[in-house]
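Engineer: For reference, this is run-v8.pdb, and it has PDB, C-alpha atoms.
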ATOM      1  CA  MET A 150      13.771 -20.295 -29.931
ATOM      2  CA  HIS A 151      12.891 -16.832 -28.641
ATOM      3  CA  THR A 152       9.190 -17.329 -29.277
ATOM      4  CA  THR A 153       9.305 -20.648 -27.381
ATOM      5  CA  ASP A 154      10.971 -18.927 -24.425
ATOM      6  CA  ALA A 155       8.381 -16.166 -24.548
ATOM      7  CA  ASN A 156       5.599 -18.731 -24.670
ATOM      8  CA  ILE A 157       7.001 -20.590 -21.669
ATOM      9  CA  LEU A 158       7.313 -17.300 -19.778
ATOM     10  CA  ALA A 159       3.771 -16.260 -20.668
ATOM     11  CA  THR A 160       2.435 -19.649 -19.561
ATOM     12  CA  ALA A 161       4.318 -19.373 -16.270
ATOM     13  CA  VAL A 162       3.232 -15.800 -15.544
ATOM     14  CA  GLY A 163      -0.278 -16.027 -17.041
ATOM     15  CA  PRO A 164      -2.100 -17.435 -13.997
ATOM     16  CA  HIS A 165      -0.576 -14.722 -11.800
ATOM     17  CA  LEU A 166      -1.457 -11.696 -13.962
ATOM     18  CA  PHE A 167      -4.251 -10.418 -11.673
ATOM     19  CA  TRP A 168      -2.067 -10.908  -8.651
ATOM     20  CA  LEU A 169       0.807  -9.043 -10.328
ATOM     21  CA  ALA A 170      -1.509  -6.198 -11.323
ATOM     22  CA  SER A 171      -2.848  -5.987  -7.774
ATOM     23  CA  ARG A 172       0.654  -5.849  -6.321
ATOM     24  CA  ALA A 173       1.740  -3.195  -8.817
ATOM     25  CA  ALA A 174      -1.352  -1.101  -8.064
ATOM     26  CA  GLY A 175      -0.687  -1.439  -4.330
ATOM     27  CA  ILE A 176       2.892  -0.243  -4.768
ATOM     28  CA  ALA A 177       1.720   2.663  -6.948
ATOM     29  CA  ALA A 178      -0.917   3.586  -4.330
ATOM     30  CA  LEU A 179       1.698   3.516  -1.570
ATOM     31  CA  LEU A 180       3.988   5.891  -3.455
ATOM     32  CA  LEU A 181       1.205   8.188  -4.688
ATOM     33  CA  SER A 182      -0.337   8.485  -1.227
ATOM     34  CA  SER A 183       3.059   9.262   0.297
ATOM     35  CA  VAL A 184       3.679  12.054  -2.212
ATOM     36  CA  SER A 185       0.136  13.305  -1.650
ATOM     37  CA  VAL A 186       0.668  13.419   2.126
ATOM     38  CA  CYS A 187       3.915  15.350   1.567
ATOM     39  CA  VAL A 188       2.163  17.902  -0.646
ATOM     40  CA  GLY A 189      -0.710  18.171   1.837
ATOM     41  CA  LEU A 190       1.719  18.873   4.652
ATOM     42  CA  LEU A 191       3.462  21.486   2.493
ATOM     43  CA  ILE A 192       0.121  23.238   1.926
ATOM     44  CA  GLY A 193      -0.810  23.120   5.604
ATOM     45  CA  GLY A 194       2.595  24.194   6.865
ATOM     46  CA  ARG A 195       4.429  27.395   6.162
ATOM     47  CA  LEU A 196       7.433  25.855   4.457
ATOM     48  CA  VAL A 197       6.468  26.895   0.943
ATOM     49  CA  LYS A 198       5.598  30.484   0.165
ATOM     50  CA  GLY A 199       3.312  31.001  -2.826
ATOM     51  CA  HIS A 200       2.244  28.399  -5.410
ATOM     52  CA  ARG A 201      -0.521  27.333  -3.013
ATOM     53  CA  GLN A 202      -3.030  26.966  -5.841
ATOM     54  CA  GLU A 203      -0.693  24.698  -7.823
ATOM     55  CA  LEU A 204       0.067  22.661  -4.713
ATOM     56  CA  ARG A 205      -3.643  22.283  -3.991
ATOM     57  CA  VAL A 206      -4.328  21.021  -7.528
ATOM     58  CA  THR A 207      -1.372  18.620  -7.272
ATOM     59  CA  HIS A 208      -2.589  17.330  -3.887
ATOM     60  CA  GLU A 209      -6.092  16.798  -5.261
ATOM     61  CA  ALA A 210      -4.852  14.996  -8.380
ATOM     62  CA  LEU A 211      -2.482  12.797  -6.364
ATOM     63  CA  SER A 212      -5.256  11.879  -3.917
ATOM     64  CA  LEU A 213      -7.609  10.926  -6.745
ATOM     65  CA  ALA A 214      -4.844   8.890  -8.402
ATOM     66  CA  THR A 215      -4.230   7.131  -5.072
ATOM     67  CA  LEU A 216      -7.914   6.249  -4.767
ATOM     68  CA  ALA A 217      -7.934   4.944  -8.351
ATOM     69  CA  ALA A 218      -4.822   2.832  -7.681
ATOM     70  CA  LEU A 219      -6.418   1.463  -4.497
ATOM     71  CA  GLY A 220      -9.536   0.597  -6.492
ATOM     72  CA  VAL A 221      -7.419  -1.322  -9.017
ATOM     73  CA  HIS A 222      -5.508  -2.976  -6.127
ATOM     74  CA  GLY A 223      -8.738  -4.383  -4.693
ATOM     75  CA  VAL A 224     -10.681  -5.151  -7.856
ATOM     76  CA  THR A 225      -7.838  -7.033  -9.609
ATOM     77  CA  LEU A 226      -7.529  -9.217  -6.535
ATOM     78  CA  LEU A 227     -11.031 -10.509  -7.318
ATOM     79  CA  GLY A 228      -9.585 -12.218 -10.403
ATOM     80  CA  ASP A 229      -6.786 -13.971  -8.539
ATOM     81  CA  ALA A 230      -7.218 -17.726  -8.909
ATOM     82  CA  TYR A 231      -5.161 -18.630  -5.817
ATOM     83  CA  LEU A 232      -6.737 -16.331  -3.217
ATOM     84  CA  HIS A 233     -10.119 -16.102  -4.979
ATOM     85  CA  PRO A 234     -11.659 -13.555  -2.582
ATOM     86  CA  SER A 235     -15.289 -12.468  -2.686
ATOM     87  CA  LEU A 236     -16.374  -8.827  -2.942
ATOM     88  CA  GLY A 237     -17.093  -8.894   0.799
ATOM     89  CA  ASP A 238     -13.603 -10.216   1.541
ATOM     90  CA  ILE A 239     -11.982  -7.184  -0.077
ATOM     91  CA  ALA A 240     -14.527  -4.579   1.054
ATOM     92  CA  ILE A 241     -15.604  -5.536   4.593
ATOM     93  CA  PRO A 242     -13.048  -5.607   7.411
ATOM     94  CA  PHE A 243     -12.558  -8.822   9.416
ATOM     95  CA  LEU A 244     -14.451 -10.945   6.859
ATOM     96  CA  SER A 245     -11.534 -12.411   4.936
ATOM     97  CA  GLY A 246      -9.829 -15.425   6.456
ATOM     98  CA  TYR A 247      -6.516 -14.549   4.811
ATOM     99  CA  ARG A 248      -4.279 -12.655   7.279
ATOM    100  CA  THR A 249      -7.400 -11.077   8.724
ATOM    101  CA  LEU A 250      -5.773  -8.305  10.779
ATOM    102  CA  TRP A 251      -3.498  -6.961   8.024
ATOM    103  CA  THR A 252      -6.208  -7.283   5.360
ATOM    104  CA  SER A 253      -8.711  -5.465   7.579
ATOM    105  CA  MET A 254      -6.160  -2.742   8.239
ATOM    106  CA  GLY A 255      -5.866  -2.162   4.495
ATOM    107  CA  ILE A 256      -9.656  -2.137   4.020
ATOM    108  CA  VAL A 257     -10.175   0.349   6.867
ATOM    109  CA  ALA A 258      -7.382   2.542   5.466
ATOM    110  CA  PHE A 259      -9.026   2.510   2.023
ATOM    111  CA  TRP A 260     -12.489   3.484   3.318
ATOM    112  CA  ALA A 261     -11.007   6.177   5.535
ATOM    113  CA  LEU A 262      -8.976   7.614   2.653
ATOM    114  CA  LEU A 263     -12.019   7.504   0.373
ATOM    115  CA  ALA A 264     -14.272   9.258   2.892
ATOM    116  CA  LEU A 265     -11.706  11.822   3.996
ATOM    117  CA  GLY A 266     -10.521  12.464   0.447
ATOM    118  CA  LEU A 267     -13.934  12.879  -1.148
ATOM    119  CA  SER A 268     -15.181  14.991   1.779
ATOM    120  CA  TYR A 269     -13.118  17.793   0.171
ATOM    121  CA  TYR A 270     -15.962  18.279  -2.307
ATOM    122  CA  ALA A 271     -18.458  18.731   0.548
ATOM    123  CA  ARG A 272     -16.268  20.927   2.747
ATOM    124  CA  THR A 273     -18.555  23.944   2.549
ATOM    125  CA  ARG A 274     -21.425  21.809   3.801
ATOM    126  CA  ILE A 275     -19.329  20.230   6.544
ATOM    127  CA  GLY A 276     -17.768  23.554   7.510
ATOM    128  CA  VAL A 277     -14.233  24.389   6.442
ATOM    129  CA  GLN A 278     -12.728  24.384   9.957
ATOM    130  CA  ARG A 279     -14.404  21.107  10.870
ATOM    131  CA  TRP A 280     -13.346  19.590   7.542
ATOM    132  CA  ARG A 281      -9.726  20.645   8.161
ATOM    133  CA  ARG A 282      -9.750  18.954  11.565
ATOM    134  CA  LEU A 283     -11.280  15.834  10.007
ATOM    135  CA  HIS A 284      -8.843  15.853   7.096
ATOM    136  CA  ARG A 285      -5.904  15.397   9.494
ATOM    137  CA  PHE A 286      -7.100  11.818  10.037
ATOM    138  CA  ALA A 287      -6.111  11.096   6.420
ATOM    139  CA  ALA A 288      -2.530  10.892   7.684
ATOM    140  CA  LEU A 289      -3.621   8.176  10.118
ATOM    141  CA  ALA A 290      -5.277   6.259   7.279
ATOM    142  CA  TRP A 291      -2.038   6.591   5.315
ATOM    143  CA  ILE A 292      -0.076   5.134   8.238
ATOM    144  CA  LEU A 293      -2.569   2.235   8.390
ATOM    145  CA  GLY A 294      -1.973   1.651   4.694
ATOM    146  CA  ILE A 295       1.792   1.572   5.215
ATOM    147  CA  ALA A 296       1.346  -0.924   8.076
ATOM    148  CA  HIS A 297      -0.859  -3.052   5.782
ATOM    149  CA  SER A 298       1.768  -3.077   3.029
ATOM    150  CA  LEU A 299       4.598  -3.946   5.427
ATOM    151  CA  GLY A 300       2.587  -6.589   7.267
ATOM    152  CA  GLU A 301       0.894  -8.302   4.345
ATOM    153  CA  GLY A 302       2.709  -7.194   1.209
ATOM    154  CA  THR A 303       4.230 -10.032  -0.795
ATOM    155  CA  ASP A 304       7.356  -7.958  -1.381
ATOM    156  CA  ALA A 305       7.576  -6.622   2.172
ATOM    157  CA  GLY A 306      10.672  -8.691   2.889
ATOM    158  CA  GLN A 307      12.484  -7.525  -0.231
ATOM    159  CA  THR A 308      15.279  -4.953   0.114
ATOM    160  CA  TRP A 309      14.088  -2.868  -2.844
ATOM    161  CA  PHE A 310      10.595  -2.622  -1.367
ATOM    162  CA  LEU A 311      11.825  -1.625   2.088
ATOM    163  CA  ALA A 312      14.198   0.968   0.590
ATOM    164  CA  MET A 313      11.414   2.353  -1.606
ATOM    165  CA  THR A 314       8.996   2.568   1.347
ATOM    166  CA  ALA A 315      11.627   4.289   3.497
ATOM    167  CA  LEU A 316      12.322   6.796   0.717
ATOM    168  CA  ALA A 317       8.611   7.501   0.330
ATOM    169  CA  VAL A 318       7.756   7.660   4.025
ATOM    170  CA  ALA A 319      10.755   9.558   5.425
ATOM    171  CA  PRO A 320       9.989  12.956   3.789
ATOM    172  CA  ALA A 321       6.367  12.797   4.949
ATOM    173  CA  ILE A 322       7.431  12.028   8.530
ATOM    174  CA  LEU A 323       9.991  14.868   8.461
ATOM    175  CA  LEU A 324       7.391  17.293   7.109
ATOM    176  CA  ALA A 325       4.879  16.185   9.750
ATOM    177  CA  LEU A 326       7.478  16.730  12.474
ATOM    178  CA  ALA A 327       8.385  20.141  11.032
ATOM    179  CA  ARG A 328       4.727  21.084  11.004
ATOM    180  CA  LEU A 329       4.183  19.902  14.559
ATOM    181  CA  LEU A 330       7.211  21.864  15.766
ATOM    182  CA  ASP A 331       6.083  24.879  13.758
ATOM    183  CA  SER A 332       2.492  24.803  15.002
ATOM    184  CA  ALA A 333       3.298  24.124  18.683
ATOM    185  CA  PRO A 334       4.575  27.653  19.543
ATOM    186  CA  VAL A 335       1.739  29.180  17.495
ATOM    187  CA  ALA A 336      -0.821  27.114  19.408
ATOM    188  CA  ARG A 337       0.810  28.030  22.703
ATOM    189  CA  ALA A 338       0.848  31.700  21.707
ATOM    190  CA  GLY A 339      -2.774  31.416  20.622
ATOM    191  CA  ASN A 340      -3.708  29.898  23.978
ATOM    192  CA  SER A 341      -1.849  32.565  25.976
ATOM    193  CA  ASN A 342      -3.450  35.298  23.856
ATOM    194  CA  ALA A 343      -6.881  33.818  24.497
ATOM    195  CA  ILE A 344      -6.169  33.635  28.234
ATOM    196  CA  ALA A 345      -4.960  37.265  28.234
ATOM    197  CA  ARG A 346      -8.052  38.333  26.310
ATOM    198  CA  ALA A 347     -10.319  36.465  28.756
ATOM    199  CA  ARG A 348      -8.527  38.122  31.701
ATOM    200  CA  ASP A 349      -8.915  41.554  30.089
ATOM    201  CA  SER A 350     -12.604  41.045  29.426
ATOM    202  CA  ALA A 351     -13.117  39.771  32.985
ATOM    203  CA  ALA A 352     -11.316  42.828  34.337
ATOM    204  CA  VAL A 353     -13.441  45.115  32.170
ATOM    205  CA  THR A 354     -16.608  43.392  33.392
ATOM    206  CA  ARG A 355     -15.475  43.683  37.012
ATOM    207  CA  ALA A 356     -14.683  47.367  36.515
ATOM    208  CA  GLY A 357     -18.102  47.902  34.956
ATOM    209  CA  VAL A 358     -19.790  46.161  37.888
ATOM    210  CA  ALA A 359     -17.736  48.197  40.385
ATOM    211  CA  ARG A 360     -18.859  51.448  38.759
TER     212      ARG A 360
ATOM    213  CA  MET B 225     -13.495  62.275 -17.933
ATOM    214  CA  LYS B 226     -12.973  60.536 -14.630
ATOM    215  CA  PRO B 227     -15.856  58.028 -14.783
ATOM    216  CA  SER B 228     -14.887  56.848 -18.287
ATOM    217  CA  ALA B 229     -11.226  56.430 -17.202
ATOM    218  CA  ARG B 230     -12.325  54.389 -14.182
ATOM    219  CA  THR B 231     -14.462  52.185 -16.426
ATOM    220  CA  ALA B 232     -11.510  51.567 -18.660
ATOM    221  CA  GLU B 233      -9.401  50.641 -15.632
ATOM    222  CA  GLN B 234     -12.137  48.360 -14.394
ATOM    223  CA  LEU B 235     -12.346  46.743 -17.803
ATOM    224  CA  ASP B 236      -8.590  46.256 -17.777
ATOM    225  CA  ALA B 237      -8.740  44.734 -14.315
ATOM    226  CA  ARG B 238     -11.496  42.367 -15.343
ATOM    227  CA  ALA B 239      -9.583  41.300 -18.442
ATOM    228  CA  LEU B 240      -6.469  40.791 -16.320
ATOM    229  CA  ALA B 241      -8.407  38.704 -13.794
ATOM    230  CA  ARG B 242      -9.892  36.631 -16.609
ATOM    231  CA  ARG B 243      -6.429  36.061 -18.046
ATOM    232  CA  HIS B 244      -5.136  35.024 -14.633
ATOM    233  CA  ARG B 245      -8.029  32.621 -14.171
ATOM    234  CA  GLU B 246      -7.469  31.094 -17.594
ATOM    235  CA  ALA B 247      -3.748  30.729 -16.945
ATOM    236  CA  MET B 248      -4.487  28.985 -13.631
ATOM    237  CA  ARG B 249      -6.977  26.696 -15.332
ATOM    238  CA  ARG B 250      -4.357  25.798 -17.959
ATOM    239  CA  ARG B 251      -1.767  25.138 -15.241
ATOM    240  CA  ALA B 252      -4.258  22.968 -13.310
ATOM    241  CA  ARG B 253      -5.014  20.934 -16.429
ATOM    242  CA  ARG B 254      -1.296  20.451 -17.065
ATOM    243  CA  ILE B 255      -0.710  19.378 -13.447
ATOM    244  CA  ARG B 256      -3.601  16.888 -13.563
ATOM    245  CA  ARG B 257      -2.281  15.417 -16.815
ATOM    246  CA  SER B 258       1.243  15.060 -15.445
ATOM    247  CA  VAL B 259      -0.013  13.428 -12.226
ATOM    248  CA  ALA B 260      -2.086  10.963 -14.276
ATOM    249  CA  GLY B 261       0.971  10.185 -16.421
ATOM    250  CA  PHE B 262       3.137   9.828 -13.329
ATOM    251  CA  ALA B 263       0.617   7.426 -11.755
ATOM    252  CA  LEU B 264       0.469   5.296 -14.914
ATOM    253  CA  ALA B 265       4.263   5.247 -15.199
ATOM    254  CA  LEU B 266       4.520   4.226 -11.551
ATOM    255  CA  PHE B 267       2.041   1.391 -12.072
ATOM    256  CA  ALA B 268       3.867   0.204 -15.210
ATOM    257  CA  ALA B 269       7.262   0.323 -13.471
ATOM    258  CA  ALA B 270       5.969  -1.578 -10.427
ATOM    259  CA  PHE B 271       4.312  -4.159 -12.703
ATOM    260  CA  LEU B 272       7.552  -4.609 -14.638
ATOM    261  CA  VAL B 273       9.610  -5.084 -11.470
ATOM    262  CA  VAL B 274       7.199  -7.656 -10.029
ATOM    263  CA  TYR B 275       6.860  -9.397 -13.412
ATOM    264  CA  VAL B 276      10.624  -9.698 -13.898
ATOM    265  CA  GLN B 277      10.958 -10.920 -10.320
ATOM    266  CA  LEU B 278       8.380 -13.649 -10.969
ATOM    267  CA  ALA B 279       9.672 -14.598 -14.410
ATOM    268  CA  SER B 280      13.233 -14.920 -13.116
ATOM    269  CA  GLY B 281      12.040 -17.288 -10.393
ATOM    270  CA  ASN B 282      12.763 -14.895  -7.526
ATOM    271  CA  ASP B 283       9.213 -14.078  -6.507
ATOM    272  CA  PRO B 284       9.135 -14.086  -2.685
ATOM    273  CA  ALA B 285       5.717 -15.744  -2.360
ATOM    274  CA  LEU B 286       6.377 -18.444  -4.945
ATOM    275  CA  VAL B 287       9.867 -19.131  -3.588
ATOM    276  CA  ALA B 288       8.424 -19.480  -0.071
ATOM    277  CA  ASN B 289       5.645 -21.748  -1.359
ATOM    278  CA  GLY B 290       8.167 -23.786  -3.341
ATOM    279  CA  ALA B 291      10.375 -24.161  -0.283
ATOM    280  CA  LYS B 292       7.380 -25.220   1.798
ATOM    281  CA  ARG B 293       6.323 -27.727  -0.864
ATOM    282  CA  GLU B 294       9.871 -29.107  -1.104
ATOM    283  CA  ALA B 295      10.081 -29.429   2.660
ATOM    284  CA  ALA B 296       6.714 -31.183   2.727
ATOM    285  CA  ALA B 297       7.768 -33.519  -0.104
ATOM    286  CA  LEU B 298      11.076 -34.262   1.637
ATOM    287  CA  SER B 299       9.386 -35.004   4.940
ATOM    288  CA  ALA B 300       6.813 -37.187   3.170
ATOM    289  CA  ALA B 301       9.592 -39.061   1.370
ATOM    290  CA  SER B 302      11.549 -39.549   4.590
ATOM    291  CA  ASP B 303       8.363 -40.766   6.294
ATOM    292  CA  THR B 304       7.749 -43.369   3.605
ATOM    293  CA  GLU B 305      11.413 -44.406   3.710
ATOM    294  CA  SER B 306      11.386 -44.799   7.477
ATOM    295  CA  SER B 307       8.108 -46.714   7.392
ATOM    296  CA  ALA B 308       9.495 -48.990   4.692
ATOM    297  CA  ALA B 309      12.654 -49.465   6.720
ATOM    298  CA  SER B 310      10.669 -50.194   9.847
ATOM    299  CA  GLU B 311       8.619 -52.753   7.917
ATOM    300  CA  THR B 312      11.643 -54.777   6.706
ATOM    301  CA  PRO B 313      13.676 -55.465   9.880
ATOM    302  CA  GLY B 314      10.570 -55.884  12.077
ATOM    303  CA  GLY B 315       9.325 -52.591  13.344
ATOM    304  CA  GLY B 316       5.847 -53.819  14.408
ATOM    305  CA  GLU B 317       5.033 -56.872  16.473
ATOM    306  CA  GLN B 318       2.568 -58.260  13.914
ATOM    307  CA  ALA B 319       4.987 -57.804  11.045
ATOM    308  CA  SER B 320       7.988 -59.068  12.960
ATOM    309  CA  GLY B 321       7.311 -62.728  12.244
ATOM    310  CA  GLU B 322       6.736 -62.171   8.542
ATOM    311  CA  SER B 323       9.720 -59.915   8.177
ATOM    312  CA  SER B 324      12.008 -62.259  10.065
ATOM    313  CA  SER B 325      10.902 -65.131   7.916
ATOM    314  CA  SER B 326      11.358 -63.142   4.711
ATOM    315  CA  GLY B 327      14.696 -61.964   5.986
ATOM    316  CA  SER B 328      15.852 -65.500   6.612
ATOM    317  CA  GLU B 329      14.574 -66.468   3.158
ATOM    318  CA  ALA B 330      16.487 -63.653   1.624
ATOM    319  CA  SER B 331      19.645 -64.529   3.490
ATOM    320  CA  SER B 332      19.313 -68.158   2.531
ATOM    321  CA  SER B 333      18.728 -67.275  -1.108
ATOM    322  CA  GLY B 334      21.683 -64.917  -0.955
ATOM    323  CA  ALA B 335      23.826 -67.683   0.423
ATOM    324  CA  SER B 336      22.668 -70.004  -2.325
ATOM    325  CA  ALA B 337      23.490 -67.355  -4.893
ATOM    326  CA  VAL B 338      26.947 -66.982  -3.477
ATOM    327  CA  THR B 339      27.385 -70.700  -3.495
ATOM    328  CA  THR B 340      26.189 -71.008  -7.085
ATOM    329  CA  SER B 341      28.542 -68.282  -8.212
ATOM    330  CA  GLN B 342      31.338 -69.883  -6.343
ATOM    331  CA  SER B 343      30.581 -73.235  -7.878
TER     332      SER B 343
END
Take the structure in the file and write it out as structure tokens.
Structural biologist:
Amino acid sequence: MHTTDANILATAVGPHLFWLASRAAGIAALLLSSVSVCVGLLIGGRLVKGHRQELRVTHEALSLATLAALGVHGVTLLGDAYLHPSLGDIAIPFLSGYRTLWTSMGIVAFWALLALGLSYYARTRIGVQRWRRLHRFAALAWILGIAHSLGEGTDAGQTWFLAMTALAVAPAILLALARLLDSAPVARAGNSNAIARARDSAAVTRAGVAR
Amino acid sequence: MKPSARTAEQLDARALARRHREAMRRRARRIRRSVAGFALALFAAAFLVVYVQLASGNDPALVANGAKREAAALSAASDTESSAASETPGGGEQASGESSSSGSEASSSGASAVTTSQS
């Protein structure tokens, strides 16, 4: 009796296995990227004192895990019998006919995350300051990914999915706000210091000329 | 005396630095392993949730598709019913003569049936 039930279940779920795996990988990528963004913001901000090395390793590992999950999310979709997308459909934006805007948003987010994430290993070549400025766009790619999951995700209408997304996204948004509020006075102070320094140097130059 | 003492201190410092580096490397390895485990657990949990949802017949996409299919089947059935109904009492002008004649035949046969049962 039990084996018959199991067989019926397997037959019913069998054709959807790739689709299920893709959905699961997408959900895992959403959560992993959210945690990674949180850790990244903790490193960049001044909320956590010490343990920077551990946080950096955690951020790196989470980012790589996110990229792996996104890879699985796309590749398993290739095996889906219902959608049956081509490699171009899942890799090139605006090529797929299935919910083109949302799909393209996800593809762009993936490429951006891949480029911005892997650029970490070339940061000395790029220049550390420039790389840091570039790396901030990873948060934008993350937001694109969230929009993709809410706009196209099969489970986007489900309460558990919305609650899970809110739980994952809220801390990152709070940390980003905290960082913005924290960095604004510093930036303002930096600007005023620079202006003061420029005034001083101009005054010194004028005095030199006058002599 | 002094140079040898300094060398010993330097050696100590180097050994300490090496120990620190090794400890950090061990911690990094442990962190990477736990993140990999966490990612796999997350994937497995998400797969289980979606699987159970599908197996229990509550999958949002399949439910929506099923509803659409049912609606389409219902509308198709109602279309065929209405077309059949329109055919019998004389919906079209061409069919009106045939249907009226068949209707009269039916009514006459019905009347004969009633009469036979009565008799």
Engineer: Could you list the residues chosen by the ChimeraX specification (/B :<6) & /A in this structure as a PyMOL selection string?
Structural biologist: chain A and resi 173-174+177+210
Engineer: List as a count of residues only the protein and nucleic acid residues near range 312-315 of chain A, meaning an atom at most 10 Å away when only C-alpha atoms are counted, but skip any in the same chain fewer than 3 places from it.
Structural biologist: 14
Engineer: Mind giving me the straight-line distance from CA of Ala290 in chain A to CA of Ala258 in chain A in Å, one decimal?
Structural biologist: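 The value is 4.6 Å.
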Engineer: Around (-1.6, 8.0, 4.5) in the file's own coordinates, what residues are found within 12 Å if you use only C-alpha atoms, given back as a ChimeraX atom specification?
Structural biologist: /A:178-190,211-212,215-216,255,257-263,265-266,284-298,317-318,321-322,325
